file coords-v1.cif (mmCIF, C-alpha atoms)
data_final
#
loop_
_atom_site.group_PDB
_atom_site.id
_atom_site.type_symbol
_atom_site.label_atom_id
_atom_site.label_comp_id
_atom_site.auth_asym_id
_atom_site.auth_seq_id
_atom_site.Cartn_x
_atom_site.Cartn_y
_atom_site.Cartn_z
ATOM 1 C CA MET A 1 -90.219 28.110 15.797
ATOM 2 C CA SER A 2 -86.965 29.516 14.544
ATOM 3 C CA VAL A 3 -88.054 31.509 11.500
ATOM 4 C CA VAL A 4 -86.275 34.479 9.963
ATOM 5 C CA ASP A 5 -87.912 36.938 7.547
ATOM 6 C CA THR A 6 -85.980 37.563 4.361
ATOM 7 C CA PRO A 7 -86.293 40.641 2.169
ATOM 8 C CA ALA A 8 -88.577 38.605 -0.130
ATOM 9 C CA LEU A 9 -90.789 37.898 2.929
ATOM 10 C CA ALA A 10 -90.423 34.135 2.517
ATOM 11 C CA PRO A 11 -89.988 32.256 5.801
ATOM 12 C CA VAL A 12 -86.539 30.741 6.202
ATOM 13 C CA PHE A 13 -85.920 28.282 8.995
ATOM 14 C CA ALA A 14 -82.578 28.829 10.718
ATOM 15 C CA LEU A 15 -80.357 25.760 10.412
ATOM 16 C CA PRO A 16 -80.614 23.838 13.695
ATOM 17 C CA PRO A 17 -77.205 22.963 15.240
ATOM 18 C CA GLN A 18 -77.522 19.214 14.572
ATOM 19 C CA LEU A 19 -78.206 19.936 10.893
ATOM 20 C CA ALA A 20 -75.296 22.385 10.685
ATOM 21 C CA SER A 21 -72.851 19.610 11.609
ATOM 22 C CA ILE A 22 -74.535 17.177 9.190
ATOM 23 C CA LYS A 23 -74.329 19.773 6.417
ATOM 24 C CA ALA A 24 -70.652 20.471 7.133
ATOM 25 C CA HIS A 25 -69.890 16.741 6.971
ATOM 26 C CA ALA A 26 -71.888 16.395 3.726
ATOM 27 C CA GLU A 27 -69.965 19.291 2.168
ATOM 28 C CA SER A 28 -66.585 17.875 3.197
ATOM 29 C CA SER A 29 -67.621 14.452 1.845
ATOM 30 C CA GLY A 30 -68.759 15.898 -1.491
ATOM 31 C CA LEU A 31 -72.390 14.858 -0.994
ATOM 32 C CA PRO A 32 -74.542 16.600 -3.628
ATOM 33 C CA PHE A 33 -77.112 17.838 -1.067
ATOM 34 C CA ALA A 34 -77.111 19.069 2.544
ATOM 35 C CA GLY A 35 -76.935 15.616 4.143
ATOM 36 C CA GLY A 36 -79.001 12.815 5.609
ATOM 37 C CA VAL A 37 -80.839 12.574 8.925
ATOM 38 C CA THR A 38 -82.325 9.590 10.689
ATOM 39 C CA PRO A 39 -86.104 9.334 11.070
ATOM 40 C CA VAL A 40 -85.862 10.001 14.818
ATOM 41 C CA VAL A 41 -83.816 13.186 14.330
ATOM 42 C CA ALA A 42 -86.207 14.220 11.543
ATOM 43 C CA TRP A 43 -89.234 13.787 13.807
ATOM 44 C CA ASN A 44 -87.584 15.693 16.659
ATOM 45 C CA LEU A 45 -86.880 18.645 14.349
ATOM 46 C CA VAL A 46 -90.303 18.545 12.661
ATOM 47 C CA SER A 47 -92.251 18.213 15.911
ATOM 48 C CA ALA A 48 -90.289 21.159 17.357
ATOM 49 C CA HIS A 49 -91.241 23.207 14.253
ATOM 50 C CA ARG A 50 -87.567 23.692 13.352
ATOM 51 C CA VAL A 51 -87.837 22.357 9.764
ATOM 52 C CA LEU A 52 -90.394 21.351 7.166
ATOM 53 C CA LEU A 53 -90.991 17.733 6.183
ATOM 54 C CA VAL A 54 -91.775 17.042 2.532
ATOM 55 C CA ASP A 55 -93.009 13.635 1.402
ATOM 56 C CA VAL A 56 -91.798 13.028 -2.162
ATOM 57 C CA ARG A 57 -93.628 9.722 -2.677
ATOM 58 C CA SER A 58 -96.479 9.354 -5.144
ATOM 59 C CA ASN A 59 -100.096 10.068 -4.223
ATOM 60 C CA GLU A 60 -100.770 6.332 -4.391
ATOM 61 C CA GLU A 61 -98.009 5.512 -1.905
ATOM 62 C CA ARG A 62 -99.233 8.107 0.555
ATOM 63 C CA LYS A 63 -102.825 6.923 0.283
ATOM 64 C CA PHE A 64 -102.267 3.184 0.476
ATOM 65 C CA VAL A 65 -99.148 2.946 2.675
ATOM 66 C CA GLY A 66 -99.633 5.938 4.966
ATOM 67 C CA HIS A 67 -98.176 9.380 5.538
ATOM 68 C CA ILE A 68 -96.950 11.679 8.281
ATOM 69 C CA PRO A 69 -99.510 14.157 9.596
ATOM 70 C CA GLY A 70 -98.605 17.738 8.734
ATOM 71 C CA SER A 71 -96.053 16.792 6.096
ATOM 72 C CA LEU A 72 -96.069 18.642 2.812
ATOM 73 C CA HIS A 73 -96.363 16.659 -0.412
ATOM 74 C CA VAL A 74 -94.440 17.199 -3.633
ATOM 75 C CA PRO A 75 -94.150 13.990 -5.669
ATOM 76 C CA TRP A 76 -90.726 13.250 -7.157
ATOM 77 C CA ALA A 77 -92.462 10.824 -9.511
ATOM 78 C CA THR A 78 -96.133 10.224 -10.238
ATOM 79 C CA GLY A 79 -98.461 7.352 -11.017
ATOM 80 C CA THR A 80 -97.913 3.644 -10.643
ATOM 81 C CA ALA A 81 -95.129 3.779 -13.256
ATOM 82 C CA LEU A 82 -93.367 6.458 -11.153
ATOM 83 C CA THR A 83 -92.887 8.844 -14.035
ATOM 84 C CA ARG A 84 -90.465 11.615 -13.029
ATOM 85 C CA ASN A 85 -92.214 14.886 -12.167
ATOM 86 C CA PRO A 86 -90.602 17.519 -14.443
ATOM 87 C CA ARG A 87 -91.916 20.337 -12.206
ATOM 88 C CA PHE A 88 -90.558 18.870 -8.969
ATOM 89 C CA VAL A 89 -88.032 21.603 -8.088
ATOM 90 C CA ARG A 90 -90.437 24.451 -8.908
ATOM 91 C CA GLU A 91 -93.216 22.818 -6.882
ATOM 92 C CA LEU A 92 -90.883 22.124 -3.962
ATOM 93 C CA GLU A 93 -89.582 25.685 -3.844
ATOM 94 C CA SER A 94 -93.125 27.026 -3.989
ATOM 95 C CA LYS A 95 -94.404 24.704 -1.230
ATOM 96 C CA ILE A 96 -91.547 25.356 1.188
ATOM 97 C CA GLY A 97 -91.512 29.093 0.579
ATOM 98 C CA GLY A 98 -88.145 29.731 -1.024
ATOM 99 C CA LYS A 99 -84.627 28.589 -1.822
ATOM 100 C CA ASN A 100 -83.251 29.020 1.702
ATOM 101 C CA THR A 101 -85.893 27.188 3.702
ATOM 102 C CA VAL A 102 -84.666 24.110 5.562
ATOM 103 C CA ALA A 103 -86.626 21.027 4.514
ATOM 104 C CA LEU A 104 -86.288 17.286 4.988
ATOM 105 C CA LEU A 105 -87.338 15.043 2.093
ATOM 106 C CA LEU A 106 -88.836 11.600 2.706
ATOM 107 C CA CYS A 107 -89.647 8.720 0.343
ATOM 108 C CA ARG A 108 -90.149 4.961 0.818
ATOM 109 C CA SER A 109 -86.533 3.963 1.536
ATOM 110 C CA GLY A 110 -84.450 7.154 1.274
ATOM 111 C CA LYS A 111 -83.266 6.600 -2.299
ATOM 112 C CA ARG A 112 -85.712 8.738 -4.314
ATOM 113 C CA SER A 113 -85.607 11.463 -1.686
ATOM 114 C CA ALA A 114 -81.796 11.529 -2.031
ATOM 115 C CA LEU A 115 -82.197 12.023 -5.794
ATOM 116 C CA ALA A 116 -84.820 14.698 -5.141
ATOM 117 C CA ALA A 117 -82.529 16.445 -2.620
ATOM 118 C CA GLU A 118 -79.703 16.404 -5.153
ATOM 119 C CA ALA A 119 -81.916 17.903 -7.882
ATOM 120 C CA ALA A 120 -83.185 20.600 -5.502
ATOM 121 C CA THR A 121 -79.668 21.476 -4.378
ATOM 122 C CA LYS A 122 -78.429 21.696 -7.975
ATOM 123 C CA ALA A 123 -81.302 24.116 -8.614
ATOM 124 C CA GLY A 124 -80.091 26.397 -5.816
ATOM 125 C CA LEU A 125 -82.117 25.284 -2.786
ATOM 126 C CA THR A 126 -79.626 25.466 0.076
ATOM 127 C CA GLY A 127 -81.157 23.584 3.018
ATOM 128 C CA ILE A 128 -82.471 20.335 1.584
ATOM 129 C CA PHE A 129 -81.774 17.156 3.576
ATOM 130 C CA ASN A 130 -82.709 13.522 3.000
ATOM 131 C CA VAL A 131 -84.478 11.401 5.615
ATOM 132 C CA LEU A 132 -82.415 8.225 5.729
ATOM 133 C CA GLU A 133 -84.275 4.893 5.778
ATOM 134 C CA GLY A 134 -87.425 6.535 4.381
ATOM 135 C CA PHE A 135 -90.982 5.810 5.453
ATOM 136 C CA GLU A 136 -90.883 2.018 5.060
ATOM 137 C CA GLY A 137 -87.170 1.198 5.152
ATOM 138 C CA GLU A 138 -85.107 -1.222 3.108
ATOM 139 C CA ILE A 139 -86.420 -4.490 1.761
ATOM 140 C CA ASP A 140 -85.181 -7.492 3.757
ATOM 141 C CA ALA A 141 -84.315 -11.095 2.846
ATOM 142 C CA GLN A 142 -88.014 -12.012 3.053
ATOM 143 C CA GLN A 143 -88.819 -9.256 0.532
ATOM 144 C CA GLN A 144 -90.550 -7.151 3.200
ATOM 145 C CA ARG A 145 -90.045 -3.596 4.392
ATOM 146 C CA GLY A 146 -90.367 -2.072 7.830
ATOM 147 C CA LYS A 147 -88.772 -4.914 9.780
ATOM 148 C CA SER A 148 -85.438 -3.263 10.574
ATOM 149 C CA ASP A 149 -85.550 0.428 9.672
ATOM 150 C CA GLY A 150 -87.684 3.286 8.389
ATOM 151 C CA TRP A 151 -90.068 5.852 9.866
ATOM 152 C CA ARG A 152 -92.752 3.311 10.762
ATOM 153 C CA PHE A 153 -90.216 0.848 12.221
ATOM 154 C CA HIS A 154 -89.113 3.550 14.684
ATOM 155 C CA ASP A 155 -92.776 3.904 15.732
ATOM 156 C CA LEU A 156 -92.944 7.573 14.755
ATOM 157 C CA PRO A 157 -96.319 9.248 14.062
ATOM 158 C CA TRP A 158 -98.117 8.362 10.839
ATOM 159 C CA VAL A 159 -101.660 7.888 9.602
ATOM 160 C CA GLN A 160 -103.332 5.957 6.829
ATOM 161 C CA ASP A 161 -106.307 7.032 4.707
#
call {"tool": "encode", "arguments": {"input": "coords-v1.cif", "output": "structure tokens"}}
result
Amino acid sequence: MSVVDTPALAPVFALPPQLASIKAHAESSGLPFAGGVTPVVAWNLVSAHRVLLVDVRSNEERKFVGHIPGSLHVPWATGTALTRNPRFVRELESKIGGKNTVALLLCRSGKRSALAAEAATKAGLTGIFNVLEGFEGEIDAQQQRGKSDGWRFHDLPWVQD
């Protein structure tokens, strides 16, 4: 694990090289957060203990669709109506241990986690990335997810309650 102690004693993960290039590209492109990573890259970094993975889906989604073992959970929105969580940034910062910790955010398709990454970055969190494709991927022509992209499509580890 590549962890550095800061004066505040919060663990800060050093930015892995592949994320440094993604972040540089995001900055030059004007992306409002550190950048996006594919599910496979995300899993490689998480399984090597180089970054934290934070699931921003609702409790209901995690319970009924599945979740990634060892991932942290901070809902971007709550309930079946997906009401925006007004404490999201505070909860995220608290769960990951500080503003400089490198974390990857995951939702169903990568859209809410991009919004969550943008909000976190605007609040001063410096190493927040979005997991592209999300847990289930985009909806296809048959109105189904998981057939062409997403965490589960790539056969990465997950469990269901």
call {"tool": "resolve_selection", "arguments": {"input": "coords-v1.cif", "expression": "the PyMOL selection byres ((chain A and resi 123) around 12)", "output": "PyMOL selection string"}}
result
chain A and resi 32-33+87-90+92-93+98-100+116-122+124-128
call {"tool": "resolve_selection", "arguments": {"input": "coords-v1.cif", "expression": "the PyMOL selection byres ((chain A and resi 136) around 12)", "output": "compact mmCIF listing (two decimals) with C-alpha atoms, in the frame of the given file"}}
result
# COMPACT_ATOMS: atom_id res chain seq x y z
CA PRO A 39 -86.10 9.33 11.07
CA ARG A 57 -93.63 9.72 -2.68
CA GLU A 61 -98.01 5.51 -1.90
CA ARG A 62 -99.23 8.11 0.56
CA VAL A 65 -99.15 2.95 2.68
CA GLY A 66 -99.63 5.94 4.97
CA HIS A 67 -98.18 9.38 5.54
CA ILE A 68 -96.95 11.68 8.28
CA LEU A 106 -88.84 11.60 2.71
CA CYS A 107 -89.65 8.72 0.34
CA ARG A 108 -90.15 4.96 0.82
CA SER A 109 -86.53 3.96 1.54
CA GLY A 110 -84.45 7.15 1.27
CA LYS A 111 -83.27 6.60 -2.30
CA VAL A 131 -84.48 11.40 5.62
CA LEU A 132 -82.42 8.22 5.73
CA GLU A 133 -84.28 4.89 5.78
CA GLY A 134 -87.42 6.54 4.38
CA PHE A 135 -90.98 5.81 5.45
CA GLY A 137 -87.17 1.20 5.15
CA GLU A 138 -85.11 -1.22 3.11
CA ILE A 139 -86.42 -4.49 1.76
CA ASP A 140 -85.18 -7.49 3.76
CA GLN A 144 -90.55 -7.15 3.20
CA ARG A 145 -90.04 -3.60 4.39
CA GLY A 146 -90.37 -2.07 7.83
CA LYS A 147 -88.77 -4.91 9.78
CA SER A 148 -85.44 -3.26 10.57
CA ASP A 149 -85.55 0.43 9.67
CA GLY A 150 -87.68 3.29 8.39
CA TRP A 151 -90.07 5.85 9.87
CA ARG A 152 -92.75 3.31 10.76
CA PHE A 153 -90.22 0.85 12.22
CA HIS A 154 -89.11 3.55 14.68
CA ASP A 155 -92.78 3.90 15.73
CA LEU A 156 -92.94 7.57 14.76
CA TRP A 158 -98.12 8.36 10.84
call {"tool": "atom_distance", "arguments": {"input": "coords-v1.cif", "atom1": "atom CA of Phe129 of chain A", "atom2": "atom CA of Gly35 of chain A"}}
result
5.1 Å
call {"tool": "resolve_selection", "arguments": {"input": "coords-v1.cif", "expression": "the PyMOL selection byres ((chain A and resi 16-27) around 10)", "output": "JSON, numbers by chain"}}
result
{"A": [2, 13, 14, 15, 28, 29, 30, 31, 32, 33, 34, 35, 36, 37, 41, 42, 45, 50, 51, 102, 127, 128, 129]}
call {"tool": "atom_distance", "arguments": {"input": "coords-v1.cif", "atom1": "atom CA of Leu115 of chain A", "atom2": "atom CA of Val56 of chain A"}}
result
10.3 Å
call {"tool": "atom_distance", "arguments": {"input": "coords-v1.cif", "atom1": "atom CA of Glu91 of chain A", "atom2": "atom CA of Val74 of chain A"}}
result
6.6 Å
call {"tool": "axis_aligned_box", "arguments": {"input": "coords-v1.cif", "around": "segment 34-45 of chain A", "padding_each_side": "3 Å", "output": "lines of an AutoDock Vina configuration file"}}
result
center_x = -83.1
center_y = 14.2
center_z = 9.6
size_x = 18.3
size_y = 15.7
size_z = 20.1
call {"tool": "closest_residue", "arguments": {"input": "coords-v1.cif", "among": "A:Gln160, A:Ser58, A:Asn130, A:Thr38", "to": "Ala103 of chain A", "atoms": "only C-alpha atoms"}}
result
A:Asn130
call {"tool": "decode", "arguments": {"input": "coords-v1.cif", "residues": "segment 24-64 of chain A", "atoms": "N, CA and C atoms", "output": "short mmCIF file (atom, residue, chain, number, x, y, z; two decimals), in the first residue's frame"}}
result
data_model
loop_
_atom_site.label_atom_id
_atom_site.label_comp_id
_atom_site.auth_asym_id
_atom_site.auth_seq_id
_atom_site.Cartn_x
_atom_site.Cartn_y
_atom_site.Cartn_z
N ALA A 24 -3.80 14.52 -15.39
CA ALA A 24 -3.21 15.57 -16.24
C ALA A 24 -4.08 15.80 -17.47
N HIS A 25 -4.56 14.72 -18.07
CA HIS A 25 -5.43 14.84 -19.25
C HIS A 25 -6.75 15.52 -18.86
N ALA A 26 -7.31 15.14 -17.72
CA ALA A 26 -8.57 15.74 -17.25
C ALA A 26 -8.39 17.24 -17.04
N GLU A 27 -7.28 17.62 -16.42
CA GLU A 27 -7.01 19.05 -16.18
C GLU A 27 -6.86 19.82 -17.49
N SER A 28 -6.14 19.25 -18.44
CA SER A 28 -5.95 19.94 -19.73
C SER A 28 -7.24 20.00 -20.54
N SER A 29 -8.15 19.06 -20.28
CA SER A 29 -9.44 19.03 -20.99
C SER A 29 -10.51 19.86 -20.28
N GLY A 30 -10.19 20.38 -19.09
CA GLY A 30 -11.16 21.16 -18.33
C GLY A 30 -12.22 20.33 -17.62
N LEU A 31 -11.95 19.05 -17.41
CA LEU A 31 -12.88 18.19 -16.69
C LEU A 31 -12.98 18.67 -15.25
N PRO A 32 -14.18 18.72 -14.68
CA PRO A 32 -14.33 19.30 -13.34
C PRO A 32 -14.00 18.35 -12.18
N PHE A 33 -13.30 17.26 -12.46
CA PHE A 33 -12.81 16.34 -11.42
C PHE A 33 -11.56 15.68 -11.97
N ALA A 34 -10.95 14.77 -11.21
CA ALA A 34 -9.62 14.25 -11.55
C ALA A 34 -9.58 13.36 -12.79
N GLY A 35 -10.71 12.85 -13.24
CA GLY A 35 -10.72 12.03 -14.45
C GLY A 35 -11.51 10.75 -14.27
N GLY A 36 -11.57 9.98 -15.34
CA GLY A 36 -12.33 8.73 -15.34
C GLY A 36 -11.44 7.55 -15.61
N VAL A 37 -11.74 6.43 -14.94
CA VAL A 37 -10.99 5.19 -15.13
C VAL A 37 -11.96 4.07 -15.50
N THR A 38 -11.48 3.12 -16.26
CA THR A 38 -12.30 1.98 -16.62
C THR A 38 -12.47 1.06 -15.41
N PRO A 39 -13.49 0.21 -15.42
CA PRO A 39 -13.65 -0.73 -14.31
C PRO A 39 -12.44 -1.63 -14.10
N VAL A 40 -11.81 -2.07 -15.16
CA VAL A 40 -10.64 -2.96 -15.03
C VAL A 40 -9.48 -2.24 -14.35
N VAL A 41 -9.20 -1.02 -14.77
CA VAL A 41 -8.14 -0.23 -14.13
C VAL A 41 -8.51 0.03 -12.67
N ALA A 42 -9.78 0.36 -12.42
CA ALA A 42 -10.23 0.59 -11.05
C ALA A 42 -9.97 -0.64 -10.18
N TRP A 43 -10.35 -1.82 -10.66
CA TRP A 43 -10.16 -3.03 -9.88
C TRP A 43 -8.68 -3.31 -9.64
N ASN A 44 -7.86 -3.10 -10.65
CA ASN A 44 -6.41 -3.32 -10.47
C ASN A 44 -5.86 -2.42 -9.38
N LEU A 45 -6.26 -1.17 -9.35
CA LEU A 45 -5.78 -0.23 -8.33
C LEU A 45 -6.34 -0.56 -6.95
N VAL A 46 -7.62 -0.90 -6.90
CA VAL A 46 -8.27 -1.22 -5.61
C VAL A 46 -7.69 -2.51 -5.04
N SER A 47 -7.56 -3.53 -5.87
CA SER A 47 -7.07 -4.82 -5.37
C SER A 47 -5.60 -4.76 -4.95
N ALA A 48 -4.86 -3.78 -5.50
CA ALA A 48 -3.46 -3.58 -5.10
C ALA A 48 -3.36 -2.62 -3.91
N HIS A 49 -4.51 -2.20 -3.36
CA HIS A 49 -4.57 -1.28 -2.22
C HIS A 49 -3.89 0.05 -2.52
N ARG A 50 -4.05 0.53 -3.76
CA ARG A 50 -3.46 1.81 -4.16
C ARG A 50 -4.43 2.96 -4.03
N VAL A 51 -5.75 2.66 -4.00
CA VAL A 51 -6.80 3.68 -3.92
C VAL A 51 -7.97 3.10 -3.14
N LEU A 52 -8.90 3.98 -2.79
CA LEU A 52 -10.15 3.54 -2.17
C LEU A 52 -11.24 3.54 -3.22
N LEU A 53 -12.20 2.64 -3.08
CA LEU A 53 -13.36 2.59 -3.96
C LEU A 53 -14.58 2.95 -3.14
N VAL A 54 -15.33 3.94 -3.63
CA VAL A 54 -16.52 4.40 -2.92
C VAL A 54 -17.73 4.24 -3.83
N ASP A 55 -18.68 3.44 -3.37
CA ASP A 55 -19.93 3.23 -4.09
C ASP A 55 -20.88 4.35 -3.70
N VAL A 56 -21.36 5.12 -4.67
CA VAL A 56 -22.23 6.26 -4.38
C VAL A 56 -23.70 5.94 -4.68
N ARG A 57 -24.01 4.69 -4.98
CA ARG A 57 -25.40 4.31 -5.24
C ARG A 57 -26.19 4.28 -3.93
N SER A 58 -27.48 4.19 -4.06
CA SER A 58 -28.36 4.13 -2.88
C SER A 58 -28.21 2.78 -2.17
N ASN A 59 -28.66 2.74 -0.92
CA ASN A 59 -28.66 1.48 -0.17
C ASN A 59 -29.44 0.41 -0.91
N GLU A 60 -30.58 0.81 -1.50
CA GLU A 60 -31.44 -0.13 -2.21
C GLU A 60 -30.71 -0.75 -3.40
N GLU A 61 -30.00 0.08 -4.16
CA GLU A 61 -29.26 -0.44 -5.31
C GLU A 61 -28.21 -1.44 -4.88
N ARG A 62 -27.47 -1.10 -3.85
CA ARG A 62 -26.43 -2.00 -3.37
C ARG A 62 -27.02 -3.33 -2.91
N LYS A 63 -28.13 -3.25 -2.19
CA LYS A 63 -28.74 -4.47 -1.65
C LYS A 63 -29.32 -5.36 -2.74
N PHE A 64 -30.06 -4.77 -3.66
CA PHE A 64 -30.80 -5.57 -4.63
C PHE A 64 -30.06 -5.84 -5.93
#
